[in-house]
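Below is one structure, written out as structure tokens, with a few remarks after it.
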Amino acid sequence: MSDPAAAFPRPDFELPVRGGAYRRADPQTLQDLERVSSATACAKLHGMGISRSFVEGPRPLAEGQRIVGSAITLQFMPQREDLASGHGQEYVERHTALWHVLEEVKPGDVLVIQAFGSKYSGCIGDILARYFVKKGGVGIVVDGRIRDSDRIKELGLPVWSTGTTPHYASQTELFPWAYDVPVAVGGALCMPGDVVIADGDGPVIVPQAMAGAVLESAADHEDWEAFSRRRLDEGARLSDYYPLTPDSREEYELWRSAQAFAR
């Protein structure tokens, strides 16, 4: 198959682009964050000064999805015929950042994909999703679309995307450009190695260096919300238990001590 780029002067630029080395999030921290919701993580980050942690747009492919993992990143960019276009499909794509990033997947990874909210680029499909799962990937967040959605549902792979399309990744306007680089997804910045918490409320990006502080703050928050739900179900007044007052905080501390003793 002829190379469409051969008709153009070739810029001195090589694809795919790969970012520098990075460290994945600590596995124990990821495990401990399993009990923290995306809403709580987002609220705690806001209190710490991080105002843009929510990935706006992507929705869960199936109900009941939840993931916590370490981000690996993939960046799509607009096609330009002298550098990169989708002609030739697999003959071209197999040499791109899309294939390369999948070879870097380790257990516990979440693939975070920048795709500019494109309605026409199926950034991941059945075969690649299967390979991702086989290598231990736990979920995908894409600021764009996927293809083969029914087969991906059958895999049980949690995916957050802006929708579905029959197009393959480079069929229309975008091209898999870079991996292990910072990406912009739904208005949030994600660095390789950041923590991704995603559930029914959507994905939240937790800066890796702040994951411990979020965990410490969120643990108490999740516990007192559980206590407040219980008291409200029992008929207590909302203003007394959400948020806690000094009196209900004291009651909560006694309840939490009793819960810890019961364990």
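Following the order of the structure tokens, chains are lettered A, B, ..., residues in each are numbered from 1, and ligands are numbered from 1.
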Give me, as JSON, numbers by chain, all polymer residues having an atom no more than 12 Å from Asp220 of chain A, counting only C-alpha atoms and skipping those fewer than 3 positions away in the same chain.
{"A": [35, 36, 40, 44, 213, 214, 215, 216, 217, 223, 224, 225, 226, 227, 244, 249, 252, 253, 256]}
What lies within 12 Å of Gly156 of chain A using only C-alpha atoms, ignoring chain neighbours under 3 positions off, as an mmCIF file with all heavy atoms, in the first residue's frame?
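Writing the result to selection_14.cif gives the following:
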data_model
loop_
_atom_site.group_PDB
_atom_site.id
_atom_site.type_symbol
_atom_site.label_atom_id
_atom_site.label_comp_id
_atom_site.auth_asym_id
_atom_site.auth_seq_id
_atom_site.Cartn_x
_atom_site.Cartn_y
_atom_site.Cartn_z
ATOM 1 N N PRO A 60 -19.962 6.385 32.195
ATOM 2 C CA PRO A 60 -19.685 4.949 32.243
ATOM 3 C C PRO A 60 -20.410 4.188 31.144
ATOM 4 O O PRO A 60 -21.574 4.482 30.838
ATOM 5 C CB PRO A 60 -20.164 4.532 33.638
ATOM 6 C CG PRO A 60 -21.086 5.611 34.092
ATOM 7 C CD PRO A 60 -20.624 6.865 33.424
ATOM 8 N N LEU A 61 -19.731 3.219 30.579
ATOM 9 C CA LEU A 61 -20.319 2.391 29.531
ATOM 10 C C LEU A 61 -21.408 1.485 30.092
ATOM 11 O O LEU A 61 -22.373 1.162 29.406
ATOM 12 C CB LEU A 61 -19.219 1.556 28.864
ATOM 13 C CG LEU A 61 -19.613 0.668 27.688
ATOM 14 C CD1 LEU A 61 -20.155 1.502 26.534
ATOM 15 C CD2 LEU A 61 -18.431 -0.178 27.230
ATOM 16 N N ALA A 62 -21.250 1.075 31.349
ATOM 17 C CA ALA A 62 -22.222 0.191 31.995
ATOM 18 C C ALA A 62 -22.478 0.670 33.417
ATOM 19 O O ALA A 62 -21.635 1.354 34.015
ATOM 20 C CB ALA A 62 -21.717 -1.254 31.996
ATOM 21 N N GLU A 63 -23.619 0.315 33.966
ATOM 22 C CA GLU A 63 -23.947 0.712 35.331
ATOM 23 C C GLU A 63 -23.070 -0.017 36.341
ATOM 24 O O GLU A 63 -22.639 -1.150 36.119
ATOM 25 C CB GLU A 63 -25.417 0.409 35.626
ATOM 26 C CG GLU A 63 -26.397 1.272 34.849
ATOM 27 C CD GLU A 63 -27.829 1.013 35.265
ATOM 28 O OE1 GLU A 63 -28.039 0.251 36.241
ATOM 29 O OE2 GLU A 63 -28.742 1.562 34.625
ATOM 30 N N GLY A 64 -22.831 0.657 37.461
ATOM 31 C CA GLY A 64 -22.114 0.023 38.561
ATOM 32 C C GLY A 64 -20.611 -0.037 38.398
ATOM 33 O O GLY A 64 -19.924 -0.691 39.183
ATOM 34 N N GLN A 65 -20.065 0.645 37.396
ATOM 35 C CA GLN A 65 -18.615 0.630 37.195
ATOM 36 C C GLN A 65 -17.908 1.454 38.266
ATOM 37 O O GLN A 65 -18.383 2.505 38.675
ATOM 38 C CB GLN A 65 -18.258 1.206 35.825
ATOM 39 C CG GLN A 65 -18.743 0.396 34.640
ATOM 40 C CD GLN A 65 -18.241 0.943 33.320
ATOM 41 O OE1 GLN A 65 -18.315 0.267 32.305
ATOM 42 N NE2 GLN A 65 -17.726 2.159 33.304
ATOM 43 N N ARG A 66 -16.746 0.968 38.676
ATOM 44 C CA ARG A 66 -15.902 1.731 39.593
ATOM 45 C C ARG A 66 -14.468 1.254 39.430
ATOM 46 O O ARG A 66 -14.212 0.050 39.350
ATOM 47 C CB ARG A 66 -16.360 1.543 41.040
ATOM 48 C CG ARG A 66 -15.384 2.187 42.022
ATOM 49 C CD ARG A 66 -15.844 2.192 43.458
ATOM 50 N NE ARG A 66 -14.737 2.595 44.321
ATOM 51 C CZ ARG A 66 -14.327 3.848 44.485
ATOM 52 N NH1 ARG A 66 -14.938 4.831 43.850
ATOM 53 N NH2 ARG A 66 -13.312 4.141 45.272
ATOM 54 N N ASP A 126 -12.552 -3.536 20.449
ATOM 55 C CA ASP A 126 -12.597 -4.840 21.105
ATOM 56 C C ASP A 126 -11.230 -5.506 21.234
ATOM 57 O O ASP A 126 -10.819 -5.909 22.329
ATOM 58 C CB ASP A 126 -13.559 -5.742 20.326
ATOM 59 C CG ASP A 126 -13.454 -7.208 20.702
ATOM 60 O OD1 ASP A 126 -13.384 -7.503 21.910
ATOM 61 O OD2 ASP A 126 -13.454 -8.050 19.787
ATOM 62 N N ALA A 129 -8.886 -3.627 23.505
ATOM 63 C CA ALA A 129 -9.402 -3.702 24.876
ATOM 64 C C ALA A 129 -9.090 -5.063 25.496
ATOM 65 O O ALA A 129 -8.739 -5.157 26.674
ATOM 66 C CB ALA A 129 -10.898 -3.432 24.890
ATOM 67 N N ARG A 130 -9.211 -6.114 24.707
ATOM 68 C CA ARG A 130 -8.892 -7.456 25.208
ATOM 69 C C ARG A 130 -7.426 -7.560 25.601
ATOM 70 O O ARG A 130 -7.082 -8.156 26.627
ATOM 71 C CB ARG A 130 -9.219 -8.517 24.144
ATOM 72 C CG ARG A 130 -10.681 -8.748 23.951
ATOM 73 C CD ARG A 130 -10.993 -9.694 22.810
ATOM 74 N NE ARG A 130 -12.432 -9.788 22.666
ATOM 75 C CZ ARG A 130 -13.196 -10.645 23.353
ATOM 76 N NH1 ARG A 130 -12.635 -11.488 24.192
ATOM 77 N NH2 ARG A 130 -14.502 -10.649 23.192
ATOM 78 N N PHE A 132 -5.517 -5.088 26.509
ATOM 79 C CA PHE A 132 -5.371 -4.251 27.703
ATOM 80 C C PHE A 132 -5.761 -5.023 28.963
ATOM 81 O O PHE A 132 -5.042 -4.993 29.968
ATOM 82 C CB PHE A 132 -6.252 -3.007 27.529
ATOM 83 C CG PHE A 132 -6.254 -2.069 28.698
ATOM 84 C CD1 PHE A 132 -5.177 -1.242 28.950
ATOM 85 C CD2 PHE A 132 -7.359 -1.994 29.543
ATOM 86 C CE1 PHE A 132 -5.185 -0.360 30.025
ATOM 87 C CE2 PHE A 132 -7.377 -1.122 30.612
ATOM 88 C CZ PHE A 132 -6.290 -0.306 30.854
ATOM 89 N N VAL A 133 -6.887 -5.715 28.906
ATOM 90 C CA VAL A 133 -7.345 -6.509 30.058
ATOM 91 C C VAL A 133 -6.362 -7.639 30.350
ATOM 92 O O VAL A 133 -6.033 -7.916 31.513
ATOM 93 C CB VAL A 133 -8.758 -7.069 29.792
ATOM 94 C CG1 VAL A 133 -9.151 -8.088 30.856
ATOM 95 C CG2 VAL A 133 -9.778 -5.938 29.752
ATOM 96 N N GLY A 137 -4.753 -4.206 32.803
ATOM 97 C CA GLY A 137 -5.389 -2.902 32.875
ATOM 98 C C GLY A 137 -6.747 -2.989 33.532
ATOM 99 O O GLY A 137 -7.484 -3.972 33.333
ATOM 100 N N VAL A 138 -7.100 -1.982 34.330
ATOM 101 C CA VAL A 138 -8.345 -2.057 35.108
ATOM 102 C C VAL A 138 -9.438 -1.142 34.573
ATOM 103 O O VAL A 138 -10.606 -1.280 34.977
ATOM 104 C CB VAL A 138 -8.098 -1.735 36.593
ATOM 105 C CG1 VAL A 138 -7.152 -2.759 37.203
ATOM 106 C CG2 VAL A 138 -7.554 -0.331 36.797
ATOM 107 N N GLY A 139 -9.129 -0.209 33.683
ATOM 108 C CA GLY A 139 -10.167 0.663 33.168
ATOM 109 C C GLY A 139 -9.621 1.670 32.178
ATOM 110 O O GLY A 139 -8.402 1.885 32.092
ATOM 111 N N ILE A 140 -10.539 2.284 31.438
ATOM 112 C CA ILE A 140 -10.179 3.278 30.422
ATOM 113 C C ILE A 140 -11.054 4.506 30.592
ATOM 114 O O ILE A 140 -12.275 4.394 30.770
ATOM 115 C CB ILE A 140 -10.346 2.708 29.000
ATOM 116 C CG1 ILE A 140 -9.378 1.533 28.777
ATOM 117 C CG2 ILE A 140 -10.131 3.787 27.944
ATOM 118 C CD1 ILE A 140 -9.582 0.805 27.457
ATOM 119 N N SER A 149 -18.596 -1.475 21.284
ATOM 120 C CA SER A 149 -19.011 -1.297 22.677
ATOM 121 C C SER A 149 -19.653 -2.543 23.272
ATOM 122 O O SER A 149 -19.454 -2.842 24.454
ATOM 123 C CB SER A 149 -19.966 -0.110 22.793
ATOM 124 O OG SER A 149 -21.110 -0.292 21.972
ATOM 125 N N ASP A 150 -20.434 -3.282 22.484
ATOM 126 C CA ASP A 150 -21.073 -4.486 23.022
ATOM 127 C C ASP A 150 -20.038 -5.525 23.432
ATOM 128 O O ASP A 150 -20.164 -6.161 24.487
ATOM 129 C CB ASP A 150 -22.035 -5.087 21.993
ATOM 130 C CG ASP A 150 -23.291 -4.247 21.800
ATOM 131 O OD1 ASP A 150 -23.597 -3.439 22.703
ATOM 132 O OD2 ASP A 150 -23.961 -4.394 20.758
ATOM 133 N N ARG A 151 -19.020 -5.703 22.628
ATOM 134 C CA ARG A 151 -17.969 -6.672 22.965
ATOM 135 C C ARG A 151 -17.161 -6.204 24.181
ATOM 136 O O ARG A 151 -16.747 -7.020 25.007
ATOM 137 C CB ARG A 151 -17.051 -6.895 21.765
ATOM 138 C CG ARG A 151 -17.705 -7.644 20.620
ATOM 139 C CD ARG A 151 -16.708 -7.973 19.525
ATOM 140 N NE ARG A 151 -17.315 -8.698 18.433
ATOM 141 C CZ ARG A 151 -17.463 -10.021 18.384
ATOM 142 N NH1 ARG A 151 -17.054 -10.754 19.411
ATOM 143 N NH2 ARG A 151 -18.015 -10.595 17.341
ATOM 144 N N ILE A 152 -16.934 -4.901 24.286
ATOM 145 C CA ILE A 152 -16.202 -4.389 25.448
ATOM 146 C C ILE A 152 -17.027 -4.577 26.716
ATOM 147 O O ILE A 152 -16.484 -4.906 27.778
ATOM 148 C CB ILE A 152 -15.819 -2.915 25.222
ATOM 149 C CG1 ILE A 152 -14.754 -2.827 24.118
ATOM 150 C CG2 ILE A 152 -15.295 -2.280 26.507
ATOM 151 C CD1 ILE A 152 -14.350 -1.419 23.745
ATOM 152 N N LYS A 153 -18.346 -4.409 26.623
ATOM 153 C CA LYS A 153 -19.211 -4.695 27.770
ATOM 154 C C LYS A 153 -19.084 -6.156 28.179
ATOM 155 O O LYS A 153 -19.030 -6.487 29.372
ATOM 156 C CB LYS A 153 -20.662 -4.378 27.438
ATOM 157 C CG LYS A 153 -21.009 -2.911 27.436
ATOM 158 C CD LYS A 153 -22.486 -2.722 27.111
ATOM 159 C CE LYS A 153 -22.858 -1.261 27.033
ATOM 160 N NZ LYS A 153 -24.286 -1.070 26.644
ATOM 161 N N VAL A 159 -15.257 1.286 31.302
ATOM 162 C CA VAL A 159 -14.868 2.341 30.371
ATOM 163 C C VAL A 159 -15.746 3.558 30.606
ATOM 164 O O VAL A 159 -16.967 3.435 30.756
ATOM 165 C CB VAL A 159 -15.009 1.880 28.903
ATOM 166 C CG1 VAL A 159 -14.760 3.048 27.944
ATOM 167 C CG2 VAL A 159 -14.063 0.733 28.589
#
Proximity check segment 30-81 of chain A to segment 190-208 of chain A, 8 Å, nearest pairs one decimal Å, only C-alpha atoms, as CSV:
residue,atom,partner,partner_atom,distance
A:Leu30,CA,A:Val195,CA,7.6
A:Ser37,CA,A:Asp199,CA,7.1
A:Ser38,CA,A:Ile197,CA,5.6
A:Ala39,CA,A:Asp201,CA,6.9
A:Ala41,CA,A:Val204,CA,7.3
A:Cys42,CA,A:Val204,CA,6.4
A:Leu45,CA,A:Val206,CA,7.6
A:Ser53,CA,A:Ile205,CA,5.1
A:Phe54,CA,A:Val204,CA,4.6
A:Val55,CA,A:Pro203,CA,5.4
A:Glu56,CA,A:Gly202,CA,7.5
A:Pro58,CA,A:Gly202,CA,6.9
A:Arg59,CA,A:Gly202,CA,6.1
A:Pro60,CA,A:Gly200,CA,6.7
A:Glu63,CA,A:Gly200,CA,7.3
A:Gly64,CA,A:Gly200,CA,6.7
A:Gln65,CA,A:Asp199,CA,5.7
A:Arg66,CA,A:Asp199,CA,4.3
A:Ile67,CA,A:Ala198,CA,5.4
A:Val68,CA,A:Ile197,CA,4.6
A:Gly69,CA,A:Val196,CA,5.4
A:Ser70,CA,A:Val195,CA,4.9
A:Ala71,CA,A:Gly193,CA,4.9
A:Ile72,CA,A:Pro192,CA,5.2
A:Thr73,CA,A:Pro192,CA,5.9
Residue nearest Arg94 of chain A among A:Thr29, A:Ser170, A:Gln259, A:Ser121 (counting only C-alpha atoms):
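Using only C-alpha atoms, the shortest distance to Arg94 of chain A belongs to A:Ser170.
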Minimum-distance residue to Ala115 of chain A, chosen among A:Asp143, A:Asp180, A:Glu81, A:Glu103 (using only C-alpha atoms):
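Ranked by minimum distance to Ala115 of chain A, first place goes to A:Asp143.
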Which of segment 198-245 of chain A end up as alpha helix (DSSP H) when DSSP is run on this backbone - answer as a list in words?
Ala211, Gly212, Ala213, Val214, Leu215, Glu216, Ser217, Ala218, Ala219, Asp220, His221, Glu222, Asp223, Trp224, Glu225, Ala226, Phe227, Ser228, Arg229, Arg230, Arg231, Leu232, Asp233, Leu238, Ser239, Asp240 and Tyr241 of chain A
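Between atom CA of Gln79 of chain A and atom CA of Leu15 of chain A the separation is 12.4 Å.
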Looking at only C-alpha atoms, which of A:Glu34, A:Glu154, A:Asp148, A:Glu173 is the one that sits closest to Glu222 of chain A?
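Checking each candidate against Glu222 of chain A, we get A:Glu34 as the closest.
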Nearest to Ala211 of chain A by atom-to-atom distance, counting only C-alpha atoms, from A:Leu33, A:Ile146, A:Ala7, A:Leu189:
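Closest candidate: A:Leu33.
If only C-alpha atoms are the atoms counted, then among A:Gly186, A:Gly136, A:Asp109, A:Thr165 the closest residue to Asp26 of chain A is A:Asp109.
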What does the distance between atom CA of Thr96 of chain A and atom CA of Arg145 of chain A come to in Å, to one decimal place?
18.1 Å
Where in segment 23-209 of chain A does DSSP assign strand (DSSP E), given as a ChimeraX atom specification?
/A:59-60,67-78,109-114,139-142,145-146,159-161,163-164,174-179,183-185,188-190,195-199,202-206
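Reported to one decimal place, the separation of atom CA of Asp82 of chain A from atom CA of Pro11 of chain A is 7.5 Å.
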Of the listed residues A:Gln31, A:Thr245, A:Gln114, A:Ser51, that which approaches Pro176 of chain A most closely, counting only C-alpha atoms:
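Closest candidate: A:Gln114.
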